[in-house]
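Working notes for the structure below.
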Amino acid sequence: MPFLRRHQAFSQHASSQILPIILAVMVYLSGLVVIGAMILDSSISRWSGNLQANLTIQLGPLSKAGDKEALETIVKMLDEMEGVDSARALPLEELEELLVPWIGGDVLGDIPLPRLIDVRLEPGAKLTSHKIMERLAEIAPNAGIDDHSEWINSVLKLGHLARVIAVAVVGLILFVAVVTVALSTQAYFAVHQSTVEIMHVIGASDRYIANQFGRQALTLGIFGSFLGMGLTLITFTLVQEVAADATVPLIGKIWLTPLEWMTLGLLPCVVTLVSMITIRLTIFFTLARLY
Amino acid sequence: MPFLRRHQAFSQHASSQILPIILAVMVYLSGLVVIGAMILDSSISRWSGNLQANLTIQLGPLSKAGDKEALETIVKMLDEMEGVDSARALPLEELEELLVPWIGGDVLGDIPLPRLIDVRLEPGAKLTSHKIMERLAEIAPNAGIDDHSEWINSVLKLGHLARVIAVAVVGLILFVAVVTVALSTQAYFAVHQSTVEIMHVIGASDRYIANQFGRQALTLGIFGSFLGMGLTLITFTLVQEVAADATVPLIGKIWLTPLEWMTLGLLPCVVTLVSMITIRLTIFFTLARLY
Amino acid sequence: MRFRAVDLRYGSGPEILRGLSFHLMSGSFQFLTGPSGAGKTSLLKLMYLAHPPSGGAIELFDQVVKGLSRDQMAAMRRRIGVVFQDFRLIDHLSCIDNVSLPLRIVGEEGKSVNANARELLEWVGLDGKMNSKPATLSDGEKQRVSIARAVIGRPDLLIADEPTGNVDGDQGVRLMRLFEELNKIGTTVIIATHDEGMVARFSHPVLRLKEGCLTRIQ
Amino acid sequence: MRFRAVDLRYGSGPEILRGLSFHLMSGSFQFLTGPSGAGKTSLLKLMYLAHPPSGGAIELFDQVVKGLSRDQMAAMRRRIGVVFQDFRLIDHLSCIDNVSLPLRIVGEEGKSVNANARELLEWVGLDGKMNSKPATLSDGEKQRVSIARAVIGRPDLLIADEPTGNVDGDQGVRLMRLFEELNKIGTTVIIATHDEGMVARFSHPVLRLKEGCLTRIQ
Ligand SMILES: Nc1ncnc2c1ncn2[C@@H]1O[C@H](COP(=O)(O)OP(=O)(O)OP(=O)(O)O)[C@@H](O)[C@H]1O
Ligand SMILES: Nc1ncnc2c1ncn2[C@@H]1O[C@H](COP(=O)(O)OP(=O)(O)OP(=O)(O)O)[C@@H](O)[C@H]1O
Ligand SMILES: [Mg+2]
Ligand SMILES: [Mg+2]
């Protein structure tokens with residue numbers, strides 16, 4: 001549309017080159033921080049999931065010969081429990097290896113030994129060690145459980161803290177991005193104040209003026225936001241490349257789920273929207289001041 | 001100075017109200033993120049320091065009666081080692097308590113038991129478990145050491161990762177703050193272009209013009225930056241208050257060292273400086289275009 | 001157009017205009033004179049609805065202005081062509097786009113709009129400046145662009161504030177002829193000027209503004 | 001002031017001025033006339049060093065302009081007072097601050113500066129507008145502020161572009177007297193105008209600019 005194109009001449013002021021850049025910078029910043037937070041979050045999930053997914057159950061000292069049957073029953077029961085991935089008794093040899101430094105090989109042959117069962121939970125299972133103990137109590141009252149709870153709690157707390165900080169940082173940055181976008185849009189508009197006044201006084205209706213500028217701002221907003229998003233994606237791809245070579249410990253994945261992609265895609269839309277709303281409001285207040 | 005005051009009329013355009021706000025927002029954002037990173041960093045230091053500061057040494061099974069003397073020698077040696085805060089042998093009773101679930105109370109009375117020595121390192125000591133083992137090898141060849149190394153490595157890696165991410169986020173945000181400040185300053189200047197041209201054509205020297213605007217920008221910059229820093233401090237104080245009530249686990253401290261305060265104080269200075277430099281450069285280029 | 005006891009003050013400043021009452025016949029041609037700072041531009045601002053009066057009532061096109069909706073006001077403004085003393089061209093648009101703006105804001109598009117604007121610009125002697133931006137024009141040229149923009153919509157009321165202040169005598173006469181032409185097809189024309197030679201040359205009724213009061217000179 | 005074969009074109013546009021050569025005696029009083037768009041303002045821009053010529057050489061105050069340092073150029077500009085056709089007041093400063101600006105940029109301060117500016121503003125009839133911002137002034141008033149700013153520094157060369165275009169006849173004559181007063185104490189005065197009545201009334205030599213060429217009329 002030639003008229004639209006020609007009206008874009010509205011924007012040839014320096015500040016209209018700066019607005020899209022500021023929008024781009026803000027989208028870039030928020031984009032990277034959001035991606036970072038998503039990766040951190042999923043890493044922490046995986047990590048704490050792994051910790052929880054692994055329990056050790058101790059059965060009080062059994063004589064070497066006897067109770068083999070009892071052990072098998074318990075392992076079988078555990079294996080079939082909902083939420084358990086696999087359960088496996090630690091073979092005696094491994095157990096002895098573990099105990100040698102503690103009590104000396106020469107004593108080991110005579111004394112009854114405790115048995116350990118290694119239980120792997122299914123990822124995301126709701127099974128708690130408390131529940132397992134309840135079930136075990138029926139058939140093996142002297143069983144104990146080691147769910148690494150002290151360590152896990154510490155680590156989970158750290159992970160939880162990291163999440164809280166990540167959410168706070170993301171929130172702060174989104175807030176700052178919105179404020180900056182709104183302020184920059186207003187500054188962009190300042191140089192067009194006189195244009196609005198002229199249009200008004202030659203008889204353009206409020207709606208016409210708002211539409212002309214709105215379209216203008218939309219173009220700039222979309223341009224800036226998607227430029228920023230493009231830069232984010234480029235940076236992300238580069239990070240992926242680098243990370244693919246030097247496998248970073250503990251970071252489970254450097255990719256996003258479809259849902260996360262969608263969340264990310266919302267960013268430029270929100271920024272454009274904020275810019276649009278600011279323009280509309282500013283024009284509204286400017287016109288309201290005019291007779 | 002009345003002239004200075006009157007020249008501040010230069011700045012009564014809307015964009016000169018927006019510039020300090022953008023500077024304030026940027027300082028606020030960077031300030032919070034830098035404080036957050038500092039607290040995270042020192043928490044991680046403390047945390048991994050705590051982990052490393054604690055070793056357990058096992059001495060192979062000793063008969064209950066004998067070797068009491070040998071145990072004392074070893075504890076004494078460890079206690080006097082450089083970098084060790086304290087060393088203490090675990091009393092037999094505690095040891096037995098630990099072992100009952102494993103091998104049953106009835107067996108315990110007869111067999112020789114291993115002894116455990118709890119070693120606390122001095123904070124920040126360079127002592128590694130490897131070094132301790134070397135020294136021990138001379139007097140207690142059958143000693144073993146448990147430095148929780150598997151766990152520590154995982155946790156240290158997580159801490160290290162958190163640090164890398166924090167540094168990246170801080171760097172990114174400082175970069176964005178600088179870019180935004182520079183762009184906003186240029187937008188602020190746009191409406192003063194004609195003032196510069198008029199001053200030039202009535203014979204003001206380049207230096208005079210640059211000084212007038214520089215002073216102007218300095219005032220706005222200082223105002224904006226320190227407003228932002230003030231908001232940061234208020235937020236920080238509020239967080240401290242809240243945290244004082246609900247002691248946050250694992251976060252060692254919610255206060256800053258003098259050095260950290262100084263680093264933080266640099267922030268508004270840098271932002272003001274960037275704003276000043278941008279103004280100077282913009283004026284320089286504007287004037288260079290004029291005859 | 002009818003003014004009834006109209007007052008005007010800016011903000012809380014002094015009264016610029018005091019109790020003006022007059023009636024302008026539709027289709028008339030009027031000069032408005034007065035010393036610099038008398039309030040000519042301010043009076044015209046009331047007429048082209050750029051500023052509300054601080055007292056009194058204004059009737060335009062047989063409608064009382066007060067109480068009209070914003071859209072009705074905009075519609076009224078579109079029936080008025082204005083030549084501003086300070087031109088008020090949009091810096092970012094070329095001459096031809098500035099001139100065709102009043103047609104575009106009522107939704108007219110296409111070649112006829114451009115042809116129309118082109119013809120008017122030729123008439124005022126700006127053949128070679130169609131696509132120039134206002135910043136590269138001389139003041140006399142800007143004034144002529146402003147005049148072209150004011151007349152392109154064939155307004156019912158034409159208000160011109162010193163329309164010949166920046167052009168030479170011959171050109172001034174030529175522009176006055178344009179206004180007379182427009183007047184003949186029914187447009188009411190009001191021209192503020194301090195050029196006494198011009199007023200003497202064309203025998204139209206004169207309104208004289210001095211110290212906030214209006215006198216009519218035939 | 002001496003012009004030697006001076007050409008002027010903006011960017012890569014057509015030549016506005018072609019091979020102008022003339023010499024103005026120090027202390028003379030000259031009118032510059034010509035139709036709208038002839039290049040009067042452009043010629044004056046060359047004189048007050050707002051635009052470089054695209055060819056030829058300009059001598060001002062017995063110095064060749066080309067090759068001067070920026071500081072020397074600024075010093076030269078301070079010896080020139082300019083009344084701009086579009087006023088060029090600084091919007092953010094009050095009238096009195098606009099007028100005293102040329103004194104302040106050379107470092108003069110204090111009460112005498114203000115007293116000086118006040119006196120001049122009274123002279124041009126702006127007693128009550130000392131602290132008004134330019135946006136609240138009528139165009140004639142702005143023009144007078146601009147004139148006061150041009151003369152406050154008692155310049156060696158006064159260049160005025162249509163200085164009486166927005167004021168009425170009497171006031172115009174009064175302002176012309178101000179320029180003649182200044183001329184008597186040694187200032188070279190050049191006034192561009194298309195007001196032929198004014199030119200006829202004061203018997204000063206006239207330069208006529210047309211299609212890029214200059215003719216001298218005594
Ligand atoms: N926006 C404003 N705010 C305050 N005062 C104003 C404003 N506009 C004009 N004035 C004052 O109102 C008076 C009349 O101004 P106006 O522009 O109407 O004069 P004018 O007759 O058009 O003069 P000129 O011939 O110089 O254009 C002047 O004294 C001016 O200072
Ligand atoms: N910055 C510029 N860039 C390009 N062309 C310009 C520029 N300034 C002026 N011109 C052109 O140069 C020509 C002379 O302009 P100038 O302003 O010197 O005329 P003038 O004699 O002062 O006219 P007026 O009496 O209308 O003020 C005009 O055709 C104008 O369009
Ligand atoms: Mg006026
Ligand atoms: Mg001119």
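Following the order of the structure tokens, first chain is A, next is B, and so on, with residues numbered from 1 inside each chain and ligands from 1 in the order they appear.
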
All residues 7 Å or closer to stretch 79-91 of chain C, only C-alpha atoms, same chain fewer than 6 positions away omitted, as a VMD selection string: (chain A and resid 195 198) or (chain C and resid 48 98 133 to 135 142 to 143 146 to 147 150 to 151 155 to 163)

Got a sec to check which residues lie within 8 Å of ligand 4, using only C-alpha atoms and all ligand atoms, and send them as a PyMOL selection string? (chain C and resi 138-140+166) or (chain D and resi 36-37+39-42+85+161-162+192)

Write a file of the selected residues as a short mmCIF file (atom, residue, chain, number, x, y, z; two decimals), in the first residue's frame, keeping all heavy atoms.
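So result23.cif came out as:
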```cif
data_model
loop_
_atom_site.label_atom_id
_atom_site.label_comp_id
_atom_site.auth_asym_id
_atom_site.auth_seq_id
_atom_site.Cartn_x
_atom_site.Cartn_y
_atom_site.Cartn_z
N SER C 138 12.48 27.19 0.92
CA SER C 138 12.58 28.54 1.46
C SER C 138 11.25 28.87 2.14
O SER C 138 10.25 28.19 1.92
CB SER C 138 12.87 29.54 0.34
OG SER C 138 11.68 29.93 -0.30
N ASP C 139 11.25 29.89 2.99
CA ASP C 139 10.03 30.18 3.75
C ASP C 139 8.85 30.52 2.84
O ASP C 139 7.72 30.13 3.13
CB ASP C 139 10.29 31.31 4.75
CG ASP C 139 10.97 30.80 6.00
OD1 ASP C 139 11.64 29.75 5.90
OD2 ASP C 139 10.83 31.42 7.05
N GLY C 140 9.13 31.25 1.77
CA GLY C 140 8.06 31.58 0.84
C GLY C 140 7.47 30.32 0.22
O GLY C 140 6.26 30.21 0.02
N ASN C 166 5.50 36.01 3.41
CA ASN C 166 6.84 35.58 3.04
C ASN C 166 7.06 35.51 1.53
O ASN C 166 8.04 34.93 1.08
CB ASN C 166 7.14 34.21 3.66
CG ASN C 166 7.36 34.31 5.15
OD1 ASN C 166 8.44 34.66 5.61
ND2 ASN C 166 6.31 34.05 5.92
N SER D 36 10.70 35.16 -4.12
CA SER D 36 10.74 34.04 -3.18
C SER D 36 11.45 32.84 -3.83
O SER D 36 11.15 32.49 -4.97
CB SER D 36 9.32 33.66 -2.80
OG SER D 36 9.29 32.43 -2.16
N GLY D 37 12.38 32.25 -3.12
CA GLY D 37 13.10 31.10 -3.64
C GLY D 37 14.29 31.46 -4.49
O GLY D 37 14.94 30.59 -5.08
N GLY D 39 17.11 32.67 -3.46
CA GLY D 39 18.35 32.30 -2.80
C GLY D 39 18.85 33.35 -1.85
O GLY D 39 20.04 33.33 -1.47
N LYS D 40 17.97 34.27 -1.43
CA LYS D 40 18.40 35.31 -0.49
C LYS D 40 18.92 34.69 0.81
O LYS D 40 20.02 34.97 1.26
CB LYS D 40 17.22 36.26 -0.16
CG LYS D 40 16.64 36.98 -1.36
CD LYS D 40 15.56 37.97 -0.98
CE LYS D 40 14.31 37.30 -0.41
NZ LYS D 40 13.64 36.40 -1.38
N THR D 41 18.08 33.84 1.38
CA THR D 41 18.48 33.20 2.64
C THR D 41 19.77 32.41 2.44
O THR D 41 20.66 32.43 3.30
CB THR D 41 17.35 32.29 3.14
OG1 THR D 41 16.17 33.07 3.32
CG2 THR D 41 17.72 31.64 4.46
N SER D 42 19.87 31.74 1.30
CA SER D 42 21.08 30.94 1.05
C SER D 42 22.31 31.83 1.00
O SER D 42 23.37 31.48 1.56
CB SER D 42 20.93 30.18 -0.26
OG SER D 42 19.75 29.40 -0.24
N GLN D 85 15.17 34.26 9.41
CA GLN D 85 13.81 34.35 8.88
C GLN D 85 12.84 33.53 9.74
O GLN D 85 11.71 33.92 9.95
CB GLN D 85 13.81 33.84 7.43
CG GLN D 85 12.59 34.23 6.64
CD GLN D 85 12.74 33.90 5.17
OE1 GLN D 85 13.72 33.28 4.75
NE2 GLN D 85 11.79 34.33 4.35
N ASP D 161 17.29 38.66 7.93
CA ASP D 161 16.52 38.00 6.87
C ASP D 161 15.05 38.30 7.09
O ASP D 161 14.43 37.75 8.00
CB ASP D 161 16.79 36.49 6.94
CG ASP D 161 16.48 35.81 5.63
OD1 ASP D 161 15.93 36.47 4.72
OD2 ASP D 161 16.79 34.60 5.51
N GLU D 162 14.48 39.19 6.29
CA GLU D 162 13.08 39.60 6.44
C GLU D 162 12.76 40.03 7.87
O GLU D 162 11.84 39.48 8.48
CB GLU D 162 12.13 38.45 6.06
CG GLU D 162 12.50 37.71 4.81
CD GLU D 162 11.72 38.19 3.60
OE1 GLU D 162 11.03 39.22 3.70
OE2 GLU D 162 11.83 37.54 2.55
N ALA D 192 17.76 41.40 4.02
CA ALA D 192 17.01 40.77 2.93
C ALA D 192 15.54 41.04 3.14
O ALA D 192 15.04 40.87 4.27
CB ALA D 192 17.30 39.28 2.91
#
```

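Note that the spacing between atom CA of A:Ile145 and atom CA of A:Gln58 amounts to 5.9 Å.
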
Test item: residues at most 9 Å from C:Lys210, only C-alpha atoms, excluding those fewer than 2 positions along its chain, as a count of residues only: 10

I'd like to know which of C:Lys184, C:Arg149, C:Lys45, C:Arg201 is closest to ligand 3, using only C-alpha atoms and all ligand atoms.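 Distance minimum relative to ligand 3 lands on C:Lys45.
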
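Closest approach to chain B from the set A:Ile283, A:Val242, A:Val33, A:Met199 is made by A:Val33, with distances taken over only C-alpha atoms.
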
DSSP helix (DSSP H, G or I) selection over stretch 10-83 of chain C, as a PyMOL selection string: chain C and resi 40-47+70-78

Determine, using only C-alpha atoms and all ligand atoms, which residues of chain D have any atom at most 12 Å from an atom of ligand 1, and tabulate each with its shortest atom pair and distance in Å to one decimal place, rows ordered by chain and then rising number, as a tab-separated table.
```
residue	atom	partner	partner_atom_place_in_ligand_line	distance
D:Cys95	CA	ligand 1	31 (O)	11.1
D:Gly125	CA	ligand 1	29 (O)	10.9
D:Leu126	CA	ligand 1	29 (O)	8.9
D:Asp127	CA	ligand 1	29 (O)	10.7
D:Gly128	CA	ligand 1	29 (O)	8.6
D:Lys129	CA	ligand 1	31 (O)	7.1
D:Met130	CA	ligand 1	31 (O)	10.6
D:Asn131	CA	ligand 1	31 (O)	10.9
D:Ser132	CA	ligand 1	31 (O)	7.8
D:Lys133	CA	ligand 1	3 (N)	8.8
D:Pro134	CA	ligand 1	31 (O)	8.6
D:Ala135	CA	ligand 1	1 (N)	6.3
D:Thr136	CA	ligand 1	2 (C)	3.8
D:Leu137	CA	ligand 1	31 (O)	3.8
D:Ser138	CA	ligand 1	17 (O)	3.5
D:Asp139	CA	ligand 1	26 (O)	4.3
D:Gly140	CA	ligand 1	26 (O)	3.2
D:Glu141	CA	ligand 1	26 (O)	5.5
D:Lys142	CA	ligand 1	26 (O)	7.7
D:Gln143	CA	ligand 1	26 (O)	8.2
D:Arg144	CA	ligand 1	26 (O)	9.3
D:Val145	CA	ligand 1	26 (O)	11.5
D:Thr164	CA	ligand 1	26 (O)	10.5
D:Gly165	CA	ligand 1	25 (O)	9.6
D:Asn166	CA	ligand 1	26 (O)	5.9
D:Val167	CA	ligand 1	25 (O)	5.9
D:Asp168	CA	ligand 1	25 (O)	7.2
D:Gly169	CA	ligand 1	25 (O)	11.0
D:Gln171	CA	ligand 1	26 (O)	10.7
D:Gly172	CA	ligand 1	26 (O)	11.7
```

Tell me the residues of chain C close to chain A, meaning within 8 Å using only C-alpha atoms, as a list in words.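 Going by the stated atoms only, the list reads Tyr48, Leu49, Ala50, His51, Pro52, Arg70, Asp71, Met73, Ala74, Ala75, Met76, Arg77, Arg78, Ile80, Gly81, Val82, Arg88, Leu89, Ile90, His92, Leu93, Pro102, Ile105 and Val106 of chain C.
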